[in-house]
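Text of the file my_file19.txt, holding compact mmCIF, C-alpha atoms:
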# COMPACT_ATOMS: atom_id res chain seq x y z
CA MET A 1 8.25 0.92 -34.78
CA LYS A 2 6.21 3.20 -37.00
CA ASN A 3 5.44 5.73 -34.27
CA LEU A 4 5.37 6.24 -30.53
CA ARG A 5 1.74 5.18 -30.36
CA GLU A 6 2.77 1.72 -31.52
CA VAL A 7 5.57 1.71 -28.93
CA TRP A 8 3.06 2.53 -26.19
CA ASN A 9 0.58 -0.12 -27.36
CA LYS A 10 3.18 -2.89 -27.32
CA ARG A 11 4.48 -1.88 -23.91
CA PHE A 12 0.96 -1.56 -22.54
CA VAL A 13 0.09 -5.11 -23.63
CA PHE A 14 3.25 -6.42 -21.96
CA TYR A 15 2.49 -4.39 -18.82
CA ILE A 16 -1.07 -5.74 -18.54
CA ASN A 17 0.16 -9.31 -19.04
CA GLU A 18 2.76 -8.75 -16.32
CA LEU A 19 0.09 -7.47 -13.93
CA GLN A 20 -2.21 -10.40 -14.66
CA LYS A 21 0.61 -12.89 -14.17
CA TYR A 22 1.17 -11.79 -10.57
CA LEU A 23 -2.26 -10.50 -9.58
CA LYS A 24 -3.71 -13.99 -9.89
CA TYR A 25 -1.49 -14.98 -6.97
CA ILE A 26 -2.25 -11.84 -4.97
CA VAL A 27 -6.06 -11.65 -5.17
CA SER A 28 -6.78 -15.37 -4.99
CA GLY A 29 -6.50 -17.93 -2.24
CA HIS A 30 -5.68 -16.89 1.30
CA ILE A 31 -5.41 -13.15 0.59
CA ALA A 32 -9.01 -13.14 -0.69
CA ILE A 33 -10.15 -14.57 2.64
CA VAL A 34 -8.17 -11.93 4.52
CA LEU A 35 -9.65 -9.15 2.39
CA VAL A 36 -13.19 -10.41 2.90
CA PHE A 37 -12.74 -10.54 6.67
CA ALA A 38 -10.89 -7.22 6.86
CA ILE A 39 -13.37 -5.32 4.66
CA GLY A 40 -16.32 -6.93 6.42
CA ALA A 41 -14.96 -6.07 9.86
CA ALA A 42 -14.13 -2.50 8.83
CA GLY A 43 -17.56 -2.03 7.22
CA TYR A 44 -19.39 -3.37 10.26
CA ALA A 45 -17.38 -1.19 12.64
CA TYR A 46 -17.97 1.86 10.43
CA SER A 47 -21.73 1.31 10.23
CA GLU A 48 -22.00 0.76 13.98
CA TRP A 49 -19.96 3.88 14.68
CA LEU A 50 -22.23 5.97 12.44
CA LYS A 51 -25.21 5.02 14.63
CA THR A 52 -23.61 6.59 17.69
CA ALA A 53 -21.38 9.26 16.13
CA PRO A 54 -21.73 12.73 17.69
CA THR A 55 -23.53 15.32 15.58
CA ASP A 56 -20.65 17.77 15.96
CA PHE A 57 -18.10 15.35 14.52
CA PRO A 58 -15.85 17.22 12.01
CA SER A 59 -16.91 15.10 9.04
CA PHE A 60 -16.02 17.71 6.41
CA LEU A 61 -12.52 18.14 7.82
CA LEU A 62 -11.91 14.38 7.89
CA VAL A 63 -13.26 13.73 4.38
CA ALA A 64 -11.36 16.71 2.94
CA PHE A 65 -8.16 15.43 4.56
CA LEU A 66 -8.55 11.85 3.29
CA LEU A 67 -9.57 12.83 -0.23
CA SER A 68 -6.69 15.31 -0.48
CA LEU A 69 -4.25 12.69 0.75
CA PHE A 70 -5.26 10.20 -1.94
CA LEU A 71 -5.71 12.75 -4.72
CA ILE A 72 -2.20 14.22 -4.51
CA ILE A 73 -0.52 10.87 -5.18
CA SER A 74 -0.52 10.90 -8.99
CA PRO A 75 2.89 9.76 -10.33
CA PRO A 76 2.82 9.29 -14.12
CA VAL A 77 2.72 5.73 -15.44
CA SER A 78 5.10 6.14 -18.38
CA LEU A 79 6.18 2.47 -18.95
CA MET A 80 9.59 3.85 -19.89
CA LYS A 81 12.67 1.62 -19.89
CA HIS A 82 16.36 2.26 -19.23
CA ALA A 83 17.29 2.40 -22.91
CA ASP A 84 14.69 5.09 -23.68
CA GLY A 85 17.13 7.79 -22.64
CA VAL A 86 19.05 6.93 -25.83
CA TYR A 87 16.45 5.64 -28.28
CA PHE A 88 13.76 8.26 -27.49
CA LEU A 89 16.19 11.17 -27.66
CA PRO A 90 15.76 11.79 -31.43
CA LEU A 91 11.97 11.63 -30.90
CA GLU A 92 11.87 14.12 -28.03
CA THR A 93 9.72 16.56 -30.00
CA LYS A 94 7.14 13.80 -30.60
CA LEU A 95 6.82 12.67 -26.99
CA LYS A 96 3.48 14.47 -26.71
CA GLU A 97 1.75 11.59 -28.51
CA TYR A 98 3.33 9.02 -26.20
CA PHE A 99 2.49 10.87 -22.98
CA LYS A 100 -1.05 11.59 -24.09
CA LEU A 101 -1.65 7.83 -23.91
CA ALA A 102 0.44 7.47 -20.74
CA LEU A 103 -1.48 10.16 -18.86
CA ARG A 104 -4.79 8.76 -20.01
CA TRP A 105 -3.89 5.39 -18.47
CA THR A 106 -2.47 7.09 -15.37
CA TYR A 107 -5.79 8.83 -14.78
CA PHE A 108 -8.09 5.85 -15.27
CA SER A 109 -5.85 3.47 -13.31
CA SER A 110 -5.59 5.73 -10.26
CA VAL A 111 -8.89 7.61 -10.06
CA PHE A 112 -10.69 4.54 -8.67
CA VAL A 113 -8.79 4.72 -5.39
CA SER A 114 -9.96 8.29 -4.80
CA LEU A 115 -13.50 7.34 -5.81
CA ALA A 116 -13.44 4.43 -3.36
CA VAL A 117 -12.52 6.83 -0.55
CA PHE A 118 -15.32 9.16 -1.69
CA VAL A 119 -17.92 6.36 -1.80
CA VAL A 120 -16.95 5.20 1.71
CA SER A 121 -17.29 8.80 2.88
CA ILE A 122 -20.85 9.28 1.54
CA PRO A 123 -22.65 7.91 4.66
CA LEU A 124 -20.51 10.18 6.85
CA LEU A 125 -21.24 13.22 4.67
CA THR A 126 -24.98 12.63 4.50
CA LYS A 127 -25.74 11.41 8.02
CA ILE A 128 -23.29 13.49 10.06
CA GLY A 129 -22.50 16.34 7.66
CA GLY A 130 -26.09 16.73 6.44
CA MET A 131 -25.20 16.99 2.73
CA ALA A 132 -28.04 16.62 0.23
CA LYS A 133 -27.96 14.10 -2.62
CA ASN A 134 -27.38 16.75 -5.28
CA GLU A 135 -24.44 18.13 -3.29
CA VAL A 136 -22.90 14.65 -3.06
CA PHE A 137 -23.40 14.24 -6.81
CA ILE A 138 -21.60 17.54 -7.48
CA LEU A 139 -18.76 16.52 -5.17
CA PHE A 140 -18.40 13.30 -7.17
CA PHE A 141 -17.65 15.25 -10.36
CA VAL A 142 -15.37 17.61 -8.44
CA VAL A 143 -13.28 14.62 -7.30
CA LEU A 144 -12.98 13.43 -10.91
CA VAL A 145 -11.81 16.88 -12.04
CA LEU A 146 -9.38 17.29 -9.14
CA LYS A 147 -7.76 13.94 -9.89
CA GLY A 148 -7.05 15.11 -13.42
CA TRP A 149 -5.70 18.42 -12.15
CA ASN A 150 -3.35 16.66 -9.74
CA MET A 151 -2.08 14.33 -12.44
CA PHE A 152 -1.30 17.16 -14.88
CA VAL A 153 0.34 19.31 -12.20
CA GLU A 154 2.60 16.48 -11.01
CA PHE A 155 3.56 15.57 -14.58
CA ASN A 156 4.44 19.17 -15.50
CA TYR A 157 6.23 19.79 -12.21
CA ARG A 158 8.38 16.66 -12.58
CA TRP A 159 9.27 17.73 -16.10
CA ALA A 160 10.07 21.36 -15.21
CA ALA A 161 11.92 20.64 -11.95
CA ASN A 162 13.48 17.30 -12.95
CA GLY A 163 11.64 15.73 -10.02
CA LYS A 164 13.49 17.77 -7.38
CA TYR A 165 11.57 18.61 -4.19
CA VAL A 166 8.45 16.87 -5.45
CA TRP A 167 7.28 16.73 -1.84
CA MET A 168 6.98 20.52 -1.87
CA ASP A 169 4.70 20.36 -4.89
CA ARG A 170 2.59 17.72 -3.18
CA PHE A 171 2.40 19.79 -0.02
CA VAL A 172 1.18 22.84 -1.98
CA ARG A 173 -1.38 20.73 -3.81
CA PHE A 174 -2.53 19.17 -0.55
CA LEU A 175 -3.18 22.61 0.96
CA LEU A 176 -5.10 23.74 -2.12
CA LEU A 177 -7.13 20.54 -2.27
CA PHE A 178 -7.89 20.43 1.43
CA SER A 179 -9.07 24.03 1.61
CA ALA A 180 -11.07 23.82 -1.65
CA LEU A 181 -12.84 20.61 -0.66
CA TYR A 182 -13.55 21.79 2.88
CA PHE A 183 -15.04 25.12 1.81
CA LEU A 184 -17.03 23.45 -0.97
CA MET A 185 -18.57 20.91 1.43
CA SER A 186 -19.18 23.64 4.01
CA GLY A 187 -21.13 25.74 1.50
CA TYR A 188 -18.58 28.54 1.01
CA LEU A 189 -18.76 28.33 -2.77
CA ILE A 190 -17.10 31.70 -3.51
CA ILE A 191 -14.00 30.80 -1.47
CA ALA A 192 -13.82 27.36 -3.10
CA ILE A 193 -13.97 28.96 -6.58
CA GLY A 194 -11.21 31.38 -5.58
CA ILE A 195 -8.98 28.51 -4.50
CA ALA A 196 -9.81 26.69 -7.75
CA ILE A 197 -8.59 29.70 -9.74
CA ILE A 198 -5.32 29.64 -7.79
CA GLY A 199 -5.01 25.95 -8.65
CA ILE A 200 -5.49 26.66 -12.36
CA ILE A 201 -2.82 29.37 -12.23
CA TYR A 202 -0.48 26.93 -10.45
CA LEU A 203 -0.95 24.40 -13.26
CA VAL A 204 -0.42 26.99 -16.01
CA VAL A 205 2.80 28.21 -14.37
CA TRP A 206 4.38 24.75 -14.46
CA GLN A 207 3.12 24.12 -17.98
CA LYS A 208 4.93 27.25 -19.17
CA LYS A 209 8.09 26.46 -17.22
CA LYS A 210 8.48 23.03 -18.83
CA LYS A 211 8.32 24.36 -22.42
CA ASP A 212 11.94 25.51 -22.51
CA ILE A 213 13.32 22.53 -20.57
CA PRO A 214 14.49 19.28 -22.23
CA PHE A 215 12.56 16.20 -21.21
CA PRO A 216 14.22 14.63 -18.11
CA PHE A 217 14.49 11.06 -19.34
CA ASP A 218 16.50 9.84 -16.35
CA HIS A 219 13.98 11.06 -13.81
CA PHE A 220 10.90 9.61 -15.53
CA ILE A 221 12.68 6.30 -16.15
CA GLU A 222 13.64 6.15 -12.47
CA VAL A 223 10.05 6.90 -11.40
CA GLU A 224 8.71 4.13 -13.64
CA GLN A 225 11.31 1.58 -12.59
CA SER A 226 10.69 2.36 -8.90
CA ARG A 227 6.95 2.00 -9.40
CA MET A 228 7.28 -1.41 -11.02
CA MET A 229 9.81 -2.53 -8.42
CA ARG A 230 7.31 -1.71 -5.65
CA PHE A 231 4.74 -3.88 -7.39
CA TYR A 232 7.21 -6.73 -7.82
CA ARG A 233 8.26 -6.55 -4.19
CA PHE A 234 4.62 -6.67 -3.11
CA ALA A 235 3.94 -9.61 -5.45
CA ASN A 236 7.01 -11.35 -4.03
CA TYR A 237 5.13 -11.75 -0.73
CA PHE A 238 2.73 -14.14 -2.49
CA THR A 239 4.84 -15.88 -5.12
CA ASP A 240 8.43 -16.00 -6.31
CA VAL A 241 9.39 -13.11 -8.58
CA PRO A 242 12.62 -14.26 -10.26
CA HIS A 243 14.30 -10.87 -10.71
CA ILE A 244 13.57 -9.63 -7.18
CA LYS A 245 16.05 -9.98 -4.36
CA GLY A 246 15.13 -8.65 -0.96
CA LYS A 247 17.46 -6.12 0.60
CA LYS A 248 19.51 -7.24 3.57
CA ARG A 249 20.29 -5.15 6.66
CA ARG A 250 22.52 -5.83 9.65
CA ARG A 251 20.05 -4.78 12.41
CA ARG A 252 22.51 -4.98 15.30
CA TRP A 253 19.75 -4.02 17.75
CA LEU A 254 18.14 -7.44 17.13
CA ASP A 255 21.31 -9.48 17.75
CA ALA A 256 19.96 -10.50 21.15
CA PHE A 257 17.32 -12.63 19.43
CA TYR A 258 20.01 -14.98 18.12
CA LYS A 259 20.32 -16.27 21.69
CA PHE A 260 17.12 -18.22 21.02
CA ALA A 261 19.24 -20.38 18.69
CA PRO A 262 22.21 -21.45 20.88
CA TYR A 263 25.25 -23.03 19.26
CA ALA A 264 24.38 -26.67 18.56
CA GLN A 265 24.10 -28.90 15.52
CA HIS A 266 20.35 -29.41 15.92
CA ASN A 267 19.88 -25.60 15.91
CA ALA A 268 21.68 -25.02 12.61
CA GLN A 269 18.56 -24.60 10.48
CA PHE A 270 16.73 -22.57 13.11
CA TYR A 271 19.69 -20.18 13.35
CA LEU A 272 19.73 -19.75 9.55
CA VAL A 273 15.96 -19.18 9.38
CA LEU A 274 16.05 -16.73 12.30
CA ARG A 275 18.94 -14.83 10.73
CA THR A 276 17.16 -14.76 7.35
CA PHE A 277 13.99 -13.35 8.92
CA VAL A 278 15.79 -10.68 10.95
CA ARG A 279 18.05 -9.47 8.14
CA THR A 280 15.73 -9.62 5.10
CA ASP A 281 13.65 -6.48 4.65
CA ASP A 282 10.78 -8.21 2.81
CA TYR A 283 10.17 -10.76 5.57
CA PHE A 284 10.88 -8.57 8.57
CA TYR A 285 8.84 -5.54 7.45
CA LEU A 286 5.94 -7.75 6.36
CA TRP A 287 5.65 -9.01 9.93
CA VAL A 288 6.10 -5.50 11.34
CA ARG A 289 3.37 -4.05 9.10
CA LEU A 290 0.80 -6.75 9.84
CA THR A 291 1.58 -6.67 13.56
CA PHE A 292 1.24 -2.89 13.58
CA LEU A 293 -2.14 -3.12 11.83
CA SER A 294 -3.30 -5.79 14.31
CA THR A 295 -2.32 -3.54 17.22
CA LEU A 296 -4.13 -0.56 15.71
CA GLY A 297 -7.20 -2.72 15.17
CA ALA A 298 -7.14 -3.80 18.81
CA ILE A 299 -6.87 -0.17 19.91
CA PHE A 300 -9.42 1.53 17.68
CA ILE A 301 -12.05 -1.08 16.76
CA PRO A 302 -14.79 -0.67 19.41
CA PHE A 303 -16.51 -4.05 18.93
CA PRO A 304 -14.86 -7.28 20.17
CA ILE A 305 -16.20 -9.55 17.42
CA VAL A 306 -14.96 -7.15 14.72
CA ALA A 307 -11.57 -6.79 16.41
CA LEU A 308 -11.35 -10.59 16.66
CA ILE A 309 -12.10 -11.07 12.95
CA PHE A 310 -9.68 -8.32 11.94
CA THR A 311 -6.71 -9.41 14.07
CA GLY A 312 -7.36 -13.09 13.37
CA ALA A 313 -7.35 -12.47 9.61
CA LEU A 314 -4.05 -10.60 9.87
CA GLY A 315 -2.56 -13.39 11.97
CA PHE A 316 -3.61 -15.87 9.30
CA ALA A 317 -2.08 -13.69 6.56
CA THR A 318 1.18 -13.31 8.48
CA VAL A 319 1.71 -17.06 8.89
CA ILE A 320 0.69 -17.99 5.34
CA GLN A 321 2.91 -15.42 3.66
CA LEU A 322 5.98 -15.86 5.84
CA LYS A 323 5.84 -19.65 5.77
CA HIS A 324 5.59 -19.64 1.98
CA SER A 325 8.42 -17.12 1.65
CA LEU A 326 10.81 -18.82 4.07
CA LEU A 327 10.28 -22.28 2.55
CA SER A 328 10.18 -21.38 -1.12
CA GLY A 329 13.77 -20.14 -1.58
CA HIS A 330 15.56 -21.93 -4.43
CA GLU A 331 19.01 -20.51 -3.77
CA PHE A 332 21.91 -22.76 -2.91
CA ARG A 333 22.80 -22.78 0.79
CA MET A 334 25.90 -24.22 2.44
CA ASP A 335 23.76 -26.24 4.85
CA LEU A 336 22.69 -28.40 1.87
CA LEU A 337 26.19 -29.91 1.85
CA PHE A 338 25.83 -31.27 5.37
CA PRO A 339 23.90 -34.37 6.55
CA ILE A 340 21.01 -32.45 8.11
CA ASP A 341 17.49 -33.86 8.14
CA SER A 342 15.62 -32.62 5.04
CA ASN A 343 12.64 -31.82 7.25
CA ALA A 344 14.74 -29.66 9.58
CA ARG A 345 14.12 -26.39 7.72
CA LYS A 346 10.35 -26.81 7.86
CA LEU A 347 10.54 -27.51 11.60
CA ALA A 348 12.78 -24.47 12.05
CA VAL A 349 10.35 -22.23 10.13
CA ASN A 350 7.43 -23.50 12.21
CA LYS A 351 9.36 -22.81 15.41
CA LEU A 352 10.21 -19.27 14.29
CA LEU A 353 6.62 -18.52 13.26
CA ARG A 354 5.32 -19.71 16.62
CA MET A 355 7.73 -17.35 18.37
CA ILE A 356 6.94 -14.25 16.31
CA GLN A 357 3.19 -14.92 16.37
CA PHE A 358 3.34 -15.15 20.13
CA VAL A 359 4.94 -11.68 20.05
CA GLN A 360 2.20 -10.48 17.67
CA ALA A 361 -0.43 -11.75 20.11
CA LEU A 362 1.32 -9.83 22.91
CA PHE A 363 1.12 -6.64 20.84
CA VAL A 364 -2.60 -7.24 20.31
CA LEU A 365 -2.95 -7.67 24.08
CA LEU A 366 -1.08 -4.40 24.55
CA GLY A 367 -3.51 -2.69 22.15
CA ILE A 368 -6.48 -4.02 24.12
CA THR A 369 -4.87 -2.80 27.34
CA VAL A 370 -4.42 0.67 25.84
CA GLN A 371 -8.10 0.67 24.84
CA GLY A 372 -8.98 -0.14 28.45
CA ASN A 373 -11.31 -3.09 27.80
CA PHE A 374 -10.63 -5.90 30.26
CA ALA A 375 -13.77 -7.95 29.71
CA LEU A 376 -13.35 -11.63 28.85
CA SER A 377 -14.65 -11.05 25.31
CA TRP A 378 -11.69 -8.70 24.73
CA MET A 379 -8.98 -10.53 26.65
CA ILE A 380 -9.57 -13.72 24.69
CA ILE A 381 -8.70 -12.02 21.37
CA PRO A 382 -4.88 -12.40 21.69
CA VAL A 383 -5.39 -16.08 22.52
CA ILE A 384 -7.54 -16.55 19.42
CA VAL A 385 -4.91 -14.77 17.30
CA PHE A 386 -2.26 -17.24 18.43
CA VAL A 387 -4.64 -20.20 17.99
CA ILE A 388 -5.49 -19.12 14.43
CA SER A 389 -1.79 -18.74 13.69
CA GLU A 390 -1.10 -22.24 15.04
CA LEU A 391 -3.96 -23.80 13.07
CA THR A 392 -2.78 -22.04 9.90
CA LEU A 393 0.72 -23.34 10.54
CA ARG A 394 -0.49 -26.94 10.94
CA MET A 395 -3.05 -26.96 8.11
CA SER A 396 -1.09 -25.13 5.40
CA LYS A 397 0.28 -27.37 2.64
CA LYS A 398 3.98 -26.47 2.94

Could you spell out this file's structure in structure tokens?
Amino acid sequence: MKNLREVWNKRFVFYINELQKYLKYIVSGHIAIVLVFAIGAAGYAYSEWLKTAPTDFPSFLLVAFLLSLFLIISPPVSLMKHADGVYFLPLETKLKEYFKLALRWTYFSSVFVSLAVFVVSIPLLTKIGGMAKNEVFILFFVVLVLKGWNMFVEFNYRWAANGKYVWMDRFVRFLLLFSALYFLMSGYLIIAIGIAIIGIIYLVVWQKKKKDIPFPFDHFIEVEQSRMMRFYRFANYFTDVPHIKGKKRRRRWLDAFYKFAPYAQHNAQFYLVLRTFVRTDDYFYLWVRLTFLSTLGAIFIPFPIVALIFTGALGFATVIQLKHSLLSGHEFRMDLLFPIDSNARKLAVNKLLRMIQFVQALFVLLGITVQGNFALSWMIIPVIVFVISELTLRMSKK
């Protein structure tokens, strides 16, 4: 390689190709349907709530909290590899060129999330908070600047502190962001400027501290590898990622569920599938997350049709993803040596999914009970969730 810029360019092309390879499985097909329903339901519920929202609702506090929460998460996208701790060491003094490109991509790849939160917040700020258009426009540019500030602070802090206690840095930045945004939206411009000056000083302090400290290769490589591993694990819900293996845990507190597969030859596959689901983090936590979201939707969405669309879409996503994952394993299993019906695993997976989706429907019912709506239009939602799950199970290709 002639220089570090060329190194970055080659790695960036590989990185983009890697994203495209897996994103086509994530954003197409069934997940697109789920996203359309989920975004549509959330948008409808939000617009209906704005019509009846109280005038004293703390809109500035809520928006400042959400924006601060998304702005502080700015880990650097370095695209570094394990061997860089050796091969980049002679080029340590020239890393500035490499990280100039890395931070540029970090900013443009992450700022859109914060802007999405800001755009969603605009109706709340204008209708409830009473902000004028020019004030919203100014806040837009402030969000862009604050994202850059967060990115530079986190990069310099990780360098100077070798990544130790990064949560403390994020907590400090959250307090500065929250107070600055709140006072800015509330019209206390002098206080907001004062907090901004403190933020600039905070950045300068960490910039100076890092100058005399060698670049922590191990930490930045670990951050990058962890970031990519999170993406691969997420992509693994939708398609097979060859170099990903889900973590296994004992989970003794769920041993009682194995009683649903009593000792018998015809239960062999069901026992294996049940044990795989309970012990594999990727499968188990996928179901837990989607069930948790369904329960929250049943509790907090105030309109039955929106709650039905939201929970039904999540039920559909749960069945599609788990069925694909449980049936797509290519590893060798001991049960393949025995004369068991080749269709037995599919039947076992279907049986398991019916059981856990019945539990998911019960959690949705619990959420509706917590909300206190006992009308027929609400009580039918858990039934519809289970029906959608069953139809998805029967109509899916695998």

Seminar exercise, completed: Across A:Met151, A:Leu62, A:Pro75, A:Phe112, the smallest distance to Gly163 in chain A, with all atoms listed in the file counted, is shown by A:Pro75

Exercise. Of the residues A:Val364, A:Leu308, A:Leu35, A:Ala196, which is the one nearest to Phe183 in chain A, using only C-alpha atoms?
Worked result: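 Of A:Val364, A:Leu308, A:Leu35, A:Ala196, the one nearest Phe183 in chain A, counting only C-alpha atoms, is A:Ala196.
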
Exercise. Near range 386-398 of chain A, within 12 Å and counting only C-alpha atoms, which residues show up once chain neighbours fewer than 6 positions away are dropped, as a count of residues only?
Worked result: 45

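The two atoms in question, CA of Ile191 in chain A and CA of Ser114 in chain A, are spaced 23.1 Å apart.
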
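The closest residue to Pro54 in chain A, picked from A:Leu293, A:Ala116, A:Ile128, A:Met379 and counting all atoms listed in the file, is A:Ile128.
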
What are the centre and edge lengths in Å, to one decimal, of the axis-aligned box around all listed atoms of range 202-211 of chain A with 4 Å added on each side, as JSON?
{"center_x": 3.8, "center_y": 25.6, "center_z": -16.4, "size_x": 17.4, "size_y": 13.2, "size_z": 20.0}

For this session: Between CA of Leu91 in chain A and CA of Arg11 in chain A, measure the distance and give it in Å to one decimal.
Result: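 Rounded to one decimal, the two atoms are 17.0 Å apart.
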
Exercise. When you draw a straight line from CA of Thr106 in chain A to CA of Ser74 in chain A, how long is it in Å?
Worked result: 7.7 Å

Seminar exercise, completed: Using all atoms listed in the file, the shortest atom-to-atom distance to Leu184 in chain A among A:Ala161, A:Ile213, A:Leu139, A:Val204 belongs to A:Leu139

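Nearest-residue note for Phe217 in chain A: choosing from A:Phe60, A:Phe257, A:Trp159, A:Phe141, the minimum distance belongs to A:Trp159, counting only C-alpha atoms.
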
Problem set entry | Contacts of Phe65 in chain A within 9 Å, only C-alpha atoms, excl. fewer than 6 positions in-chain, as a VMD selection string | chain A and resid 174 177 to 178 181 to 182

Problem set entry | Nearest candidate to Val63 in chain A (options A:Phe118, A:Tyr15, A:Tyr46, A:Trp287; using all atoms listed in the file) |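 With all atoms listed in the file as the atom set, the closest residue is A:Phe118.
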
Problem set entry | Sel. within 12 Å of pt (9.0, 23.5, -18.3), counting only C-alpha atoms, output as a PyMOL selection string | chain A and resi 153-163+203-216
